[in-house]
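Structure file entry_15.txt with compact mmCIF, N, CA, C and O atoms:
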# COMPACT_ATOMS: atom_id res chain seq x y z
N MET A 19 -15.80 40.32 7.81
CA MET A 19 -16.53 41.46 7.31
C MET A 19 -16.26 42.64 8.23
O MET A 19 -16.36 42.53 9.44
N SER A 20 -15.95 43.74 7.65
CA SER A 20 -15.65 44.91 8.46
C SER A 20 -16.94 45.54 8.99
O SER A 20 -18.03 45.30 8.48
N VAL A 21 -16.75 46.34 10.02
CA VAL A 21 -17.90 47.00 10.64
C VAL A 21 -18.56 47.95 9.65
O VAL A 21 -19.79 48.01 9.55
N MET A 22 -17.77 48.66 8.91
CA MET A 22 -18.32 49.62 7.95
C MET A 22 -19.12 48.92 6.85
O MET A 22 -20.17 49.41 6.45
N SER A 23 -18.65 47.79 6.36
CA SER A 23 -19.40 47.09 5.32
C SER A 23 -20.70 46.52 5.89
O SER A 23 -21.72 46.47 5.21
N ARG A 24 -20.68 46.10 7.15
CA ARG A 24 -21.90 45.59 7.78
C ARG A 24 -22.91 46.72 7.94
O ARG A 24 -24.10 46.54 7.67
N ILE A 25 -22.45 47.89 8.37
CA ILE A 25 -23.34 49.05 8.52
C ILE A 25 -23.91 49.44 7.16
O ILE A 25 -25.10 49.71 7.03
N HIS A 26 -23.06 49.45 6.13
CA HIS A 26 -23.51 49.81 4.79
C HIS A 26 -24.55 48.80 4.29
O HIS A 26 -25.58 49.19 3.73
N ARG A 27 -24.32 47.52 4.53
CA ARG A 27 -25.26 46.48 4.09
C ARG A 27 -26.60 46.63 4.81
O ARG A 27 -27.67 46.54 4.21
N GLU A 28 -26.57 46.91 6.12
CA GLU A 28 -27.81 47.11 6.88
C GLU A 28 -28.56 48.35 6.38
O GLU A 28 -29.78 48.34 6.28
N ARG A 29 -27.83 49.40 6.08
CA ARG A 29 -28.48 50.62 5.57
C ARG A 29 -29.16 50.33 4.24
O ARG A 29 -30.29 50.76 4.01
N GLU A 30 -28.51 49.58 3.37
CA GLU A 30 -29.12 49.25 2.08
C GLU A 30 -30.37 48.38 2.26
O GLU A 30 -31.38 48.59 1.60
N ARG A 31 -30.31 47.43 3.17
CA ARG A 31 -31.46 46.56 3.42
C ARG A 31 -32.62 47.35 4.00
O ARG A 31 -33.77 47.13 3.65
N THR A 32 -32.32 48.29 4.89
CA THR A 32 -33.36 49.10 5.50
C THR A 32 -34.01 49.99 4.46
O THR A 32 -35.23 50.14 4.42
N GLN A 33 -33.21 50.58 3.61
CA GLN A 33 -33.75 51.46 2.57
C GLN A 33 -34.56 50.67 1.56
O GLN A 33 -35.51 51.17 0.98
N ALA A 34 -34.22 49.40 1.35
CA ALA A 34 -34.95 48.57 0.41
C ALA A 34 -36.23 48.01 1.03
O ALA A 34 -37.01 47.35 0.37
N GLY A 35 -36.43 48.24 2.33
CA GLY A 35 -37.62 47.76 2.99
C GLY A 35 -37.49 46.35 3.53
O GLY A 35 -38.46 45.72 3.90
N ILE A 36 -36.28 45.83 3.57
CA ILE A 36 -36.04 44.49 4.09
C ILE A 36 -35.63 44.62 5.54
O ILE A 36 -34.69 45.35 5.86
N GLU A 37 -36.33 43.90 6.41
CA GLU A 37 -35.97 43.96 7.83
C GLU A 37 -34.68 43.21 8.05
O GLU A 37 -34.50 42.11 7.58
N GLY A 38 -33.83 43.82 8.81
CA GLY A 38 -32.56 43.18 9.14
C GLY A 38 -32.59 42.57 10.52
O GLY A 38 -33.61 42.07 10.98
N ASP A 39 -31.48 42.64 11.18
CA ASP A 39 -31.34 42.05 12.50
C ASP A 39 -31.71 43.05 13.60
O ASP A 39 -31.35 42.83 14.75
N ALA A 40 -32.39 44.11 13.27
CA ALA A 40 -32.70 45.14 14.25
C ALA A 40 -33.59 44.62 15.38
O ALA A 40 -33.48 45.07 16.50
N GLU A 41 -34.47 43.64 15.09
CA GLU A 41 -35.37 43.13 16.10
C GLU A 41 -35.07 41.67 16.43
O GLU A 41 -35.96 40.94 16.86
N ALA A 42 -33.86 41.25 16.24
CA ALA A 42 -33.51 39.85 16.45
C ALA A 42 -33.70 39.42 17.89
O ALA A 42 -34.09 38.30 18.16
N GLY A 43 -33.46 40.31 18.85
CA GLY A 43 -33.59 39.96 20.25
C GLY A 43 -34.96 40.21 20.84
O GLY A 43 -35.18 39.98 22.02
N MET A 44 -35.90 40.67 20.05
CA MET A 44 -37.21 41.02 20.60
C MET A 44 -37.97 39.81 21.13
O MET A 44 -38.64 39.90 22.14
N ALA A 45 -37.87 38.68 20.48
CA ALA A 45 -38.59 37.51 20.96
C ALA A 45 -38.10 37.11 22.34
O ALA A 45 -38.90 36.79 23.22
N THR A 46 -36.81 37.16 22.55
CA THR A 46 -36.25 36.81 23.85
C THR A 46 -36.71 37.80 24.91
O THR A 46 -37.08 37.39 26.02
N ALA A 47 -36.72 39.06 24.60
CA ALA A 47 -37.18 40.08 25.55
C ALA A 47 -38.66 39.90 25.88
O ALA A 47 -39.06 40.03 27.04
N GLU A 48 -39.45 39.56 24.89
CA GLU A 48 -40.88 39.35 25.12
C GLU A 48 -41.11 38.12 25.99
O GLU A 48 -41.98 38.12 26.86
N TYR A 49 -40.34 37.06 25.76
CA TYR A 49 -40.45 35.88 26.61
C TYR A 49 -40.06 36.20 28.04
O TYR A 49 -40.67 35.72 28.99
N ALA A 50 -39.05 37.01 28.20
CA ALA A 50 -38.59 37.38 29.55
C ALA A 50 -39.67 38.17 30.29
O ALA A 50 -39.95 37.90 31.46
N VAL A 51 -40.29 39.11 29.61
CA VAL A 51 -41.35 39.91 30.24
C VAL A 51 -42.54 39.01 30.58
O VAL A 51 -43.13 39.11 31.67
N GLY A 52 -42.89 38.13 29.68
CA GLY A 52 -43.99 37.19 29.93
C GLY A 52 -43.70 36.27 31.10
O GLY A 52 -44.58 35.98 31.92
N THR A 53 -42.46 35.81 31.21
CA THR A 53 -42.08 34.93 32.31
C THR A 53 -42.14 35.67 33.64
O THR A 53 -42.65 35.13 34.63
N VAL A 54 -41.65 36.90 33.67
CA VAL A 54 -41.70 37.69 34.91
C VAL A 54 -43.16 37.94 35.32
O VAL A 54 -43.50 37.82 36.49
N ALA A 55 -44.01 38.23 34.35
CA ALA A 55 -45.43 38.46 34.65
C ALA A 55 -46.08 37.17 35.19
O ALA A 55 -46.86 37.23 36.14
N ALA A 56 -45.74 36.03 34.59
CA ALA A 56 -46.31 34.77 35.06
C ALA A 56 -45.85 34.43 36.47
O ALA A 56 -46.64 33.95 37.30
N VAL A 57 -44.60 34.69 36.77
CA VAL A 57 -44.08 34.43 38.12
C VAL A 57 -44.75 35.36 39.14
O VAL A 57 -45.11 34.93 40.24
N ALA A 58 -44.94 36.61 38.77
CA ALA A 58 -45.60 37.56 39.68
C ALA A 58 -47.04 37.12 39.94
O ALA A 58 -47.52 37.15 41.08
N PHE A 59 -47.73 36.70 38.89
CA PHE A 59 -49.11 36.22 39.05
C PHE A 59 -49.14 34.97 39.93
O PHE A 59 -50.02 34.82 40.80
N ALA A 60 -48.20 34.06 39.74
CA ALA A 60 -48.14 32.85 40.56
C ALA A 60 -47.89 33.19 42.02
O ALA A 60 -48.48 32.56 42.92
N ALA A 61 -47.06 34.17 42.28
CA ALA A 61 -46.78 34.57 43.66
C ALA A 61 -48.03 35.14 44.33
O ALA A 61 -48.32 34.82 45.48
N VAL A 62 -48.76 35.97 43.61
CA VAL A 62 -49.99 36.54 44.16
C VAL A 62 -51.02 35.43 44.39
O VAL A 62 -51.67 35.38 45.45
N LEU A 63 -51.16 34.53 43.44
CA LEU A 63 -52.11 33.43 43.58
C LEU A 63 -51.74 32.54 44.76
O LEU A 63 -52.61 32.11 45.53
N PHE A 64 -50.47 32.28 44.94
CA PHE A 64 -50.00 31.47 46.06
C PHE A 64 -50.36 32.13 47.39
O PHE A 64 -50.84 31.47 48.32
N LYS A 65 -50.16 33.44 47.48
CA LYS A 65 -50.49 34.16 48.71
C LYS A 65 -52.00 34.11 48.98
O LYS A 65 -52.42 33.95 50.13
N VAL A 66 -52.81 34.23 47.95
CA VAL A 66 -54.26 34.19 48.12
C VAL A 66 -54.70 32.80 48.59
O VAL A 66 -55.50 32.66 49.51
N VAL A 67 -54.16 31.76 47.98
CA VAL A 67 -54.54 30.40 48.34
C VAL A 67 -54.07 30.06 49.75
O VAL A 67 -54.71 29.28 50.45
N GLN A 68 -52.98 30.63 50.18
CA GLN A 68 -52.45 30.36 51.52
C GLN A 68 -53.18 31.14 52.61
O GLN A 68 -52.96 30.89 53.79
N SER A 69 -54.06 32.06 52.25
CA SER A 69 -54.78 32.83 53.26
C SER A 69 -55.74 31.92 54.02
O SER A 69 -56.28 30.96 53.46
N PRO A 70 -55.99 32.20 55.29
CA PRO A 70 -56.86 31.34 56.11
C PRO A 70 -58.28 31.21 55.55
O PRO A 70 -58.87 30.13 55.59
N ALA A 71 -58.84 32.29 55.02
CA ALA A 71 -60.22 32.23 54.51
C ALA A 71 -60.33 31.29 53.31
O ALA A 71 -61.24 30.45 53.24
N VAL A 72 -59.42 31.41 52.39
CA VAL A 72 -59.45 30.56 51.20
C VAL A 72 -59.13 29.11 51.58
O VAL A 72 -59.75 28.18 51.07
N ARG A 73 -58.19 28.94 52.48
CA ARG A 73 -57.84 27.60 52.93
C ARG A 73 -59.05 26.90 53.56
O ARG A 73 -59.32 25.73 53.29
N THR A 74 -59.78 27.62 54.39
CA THR A 74 -60.98 27.07 55.02
C THR A 74 -62.04 26.73 53.98
O THR A 74 -62.66 25.65 54.03
N ALA A 75 -62.26 27.63 53.04
CA ALA A 75 -63.26 27.39 51.99
C ALA A 75 -62.90 26.17 51.16
O ALA A 75 -63.75 25.33 50.87
N LEU A 76 -61.64 26.06 50.76
CA LEU A 76 -61.21 24.90 49.98
C LEU A 76 -61.36 23.61 50.78
O LEU A 76 -61.77 22.57 50.24
N SER A 77 -61.02 23.67 52.04
CA SER A 77 -61.15 22.49 52.91
C SER A 77 -62.61 22.05 53.01
O SER A 77 -62.91 20.84 52.93
N GLU A 78 -63.52 23.00 53.16
CA GLU A 78 -64.95 22.67 53.22
C GLU A 78 -65.45 22.07 51.92
O GLU A 78 -66.24 21.12 51.92
N ILE A 79 -65.01 22.62 50.80
CA ILE A 79 -65.42 22.10 49.49
C ILE A 79 -64.94 20.67 49.31
O ILE A 79 -65.70 19.79 48.87
N ILE A 80 -63.70 20.42 49.65
CA ILE A 80 -63.14 19.06 49.49
C ILE A 80 -63.83 18.09 50.44
O ILE A 80 -64.18 16.97 50.04
N THR A 81 -64.06 18.50 51.68
CA THR A 81 -64.74 17.63 52.64
C THR A 81 -66.14 17.30 52.19
O THR A 81 -66.56 16.13 52.24
N SER A 82 -66.88 18.29 51.71
CA SER A 82 -68.26 18.02 51.25
C SER A 82 -68.25 17.14 50.00
O SER A 82 -69.14 16.31 49.82
N ALA A 83 -67.27 17.30 49.15
CA ALA A 83 -67.19 16.48 47.95
C ALA A 83 -66.87 15.02 48.30
O ALA A 83 -67.38 14.09 47.67
N LEU A 84 -66.04 14.82 49.32
CA LEU A 84 -65.68 13.45 49.73
C LEU A 84 -66.80 12.76 50.49
O LEU A 84 -66.86 11.53 50.54
N ASN A 85 -67.72 13.54 51.07
CA ASN A 85 -68.82 12.97 51.85
C ASN A 85 -70.09 12.76 51.05
O ASN A 85 -71.13 12.41 51.62
N VAL A 86 -70.05 12.96 49.77
CA VAL A 86 -71.23 12.77 48.93
C VAL A 86 -71.51 11.28 48.79
O VAL A 86 -70.63 10.49 48.47
N SER A 87 -72.74 10.90 49.04
CA SER A 87 -73.10 9.48 48.89
C SER A 87 -73.63 9.27 47.47
O SER A 87 -74.41 10.06 46.95
N LEU A 88 -73.19 8.20 46.88
CA LEU A 88 -73.60 7.92 45.50
C LEU A 88 -74.68 6.93 45.47
O LEU A 88 -74.95 5.94 45.65
Can I see the file as structure tokens?
Amino acid sequence: MSVMSRIHRERERTQAGIEGDAEAGMATAEYAVGTVAAVAFAAVLFKVVQSPAVRTALSEIITSALNVSL
């Protein structure tokens, strides 16, 4: 298929209100943005959990939970 016939076909589909391949890559781009955001959030969460104050608090919670008599 020639480039001109492909362009003509896309123009006809667009004018008819039929979505073509114009947004075919959008799902991939959205997944990429979501993945980058999740990794950034994980990095921030990791830094917070590794801080001395949070580490001490978590240690105290776990120690008190293990020392509970039933």
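In this structure, CA of Val57 in chain A sits 21.3 Å away from atom O of Val72 in chain A.
Between atom O of Thr74 in chain A and atom O of Val62 in chain A lies a distance of 17.0 Å.
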Could the centre and edge lengths of an axis-aligned box, enclosing all atoms of range 65-74 of chain A in the file with 6 Å extra on each side, be given in Å to one decimal as AutoDock Vina command-line options?
--center_x -56.4 --center_y 29.9 --center_z 51.8 --size_x 24.5 --size_y 20.6 --size_z 20.6
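One finds atom N of Ala61 in chain A at 22.4 Å from atom C of Ser77 in chain A.
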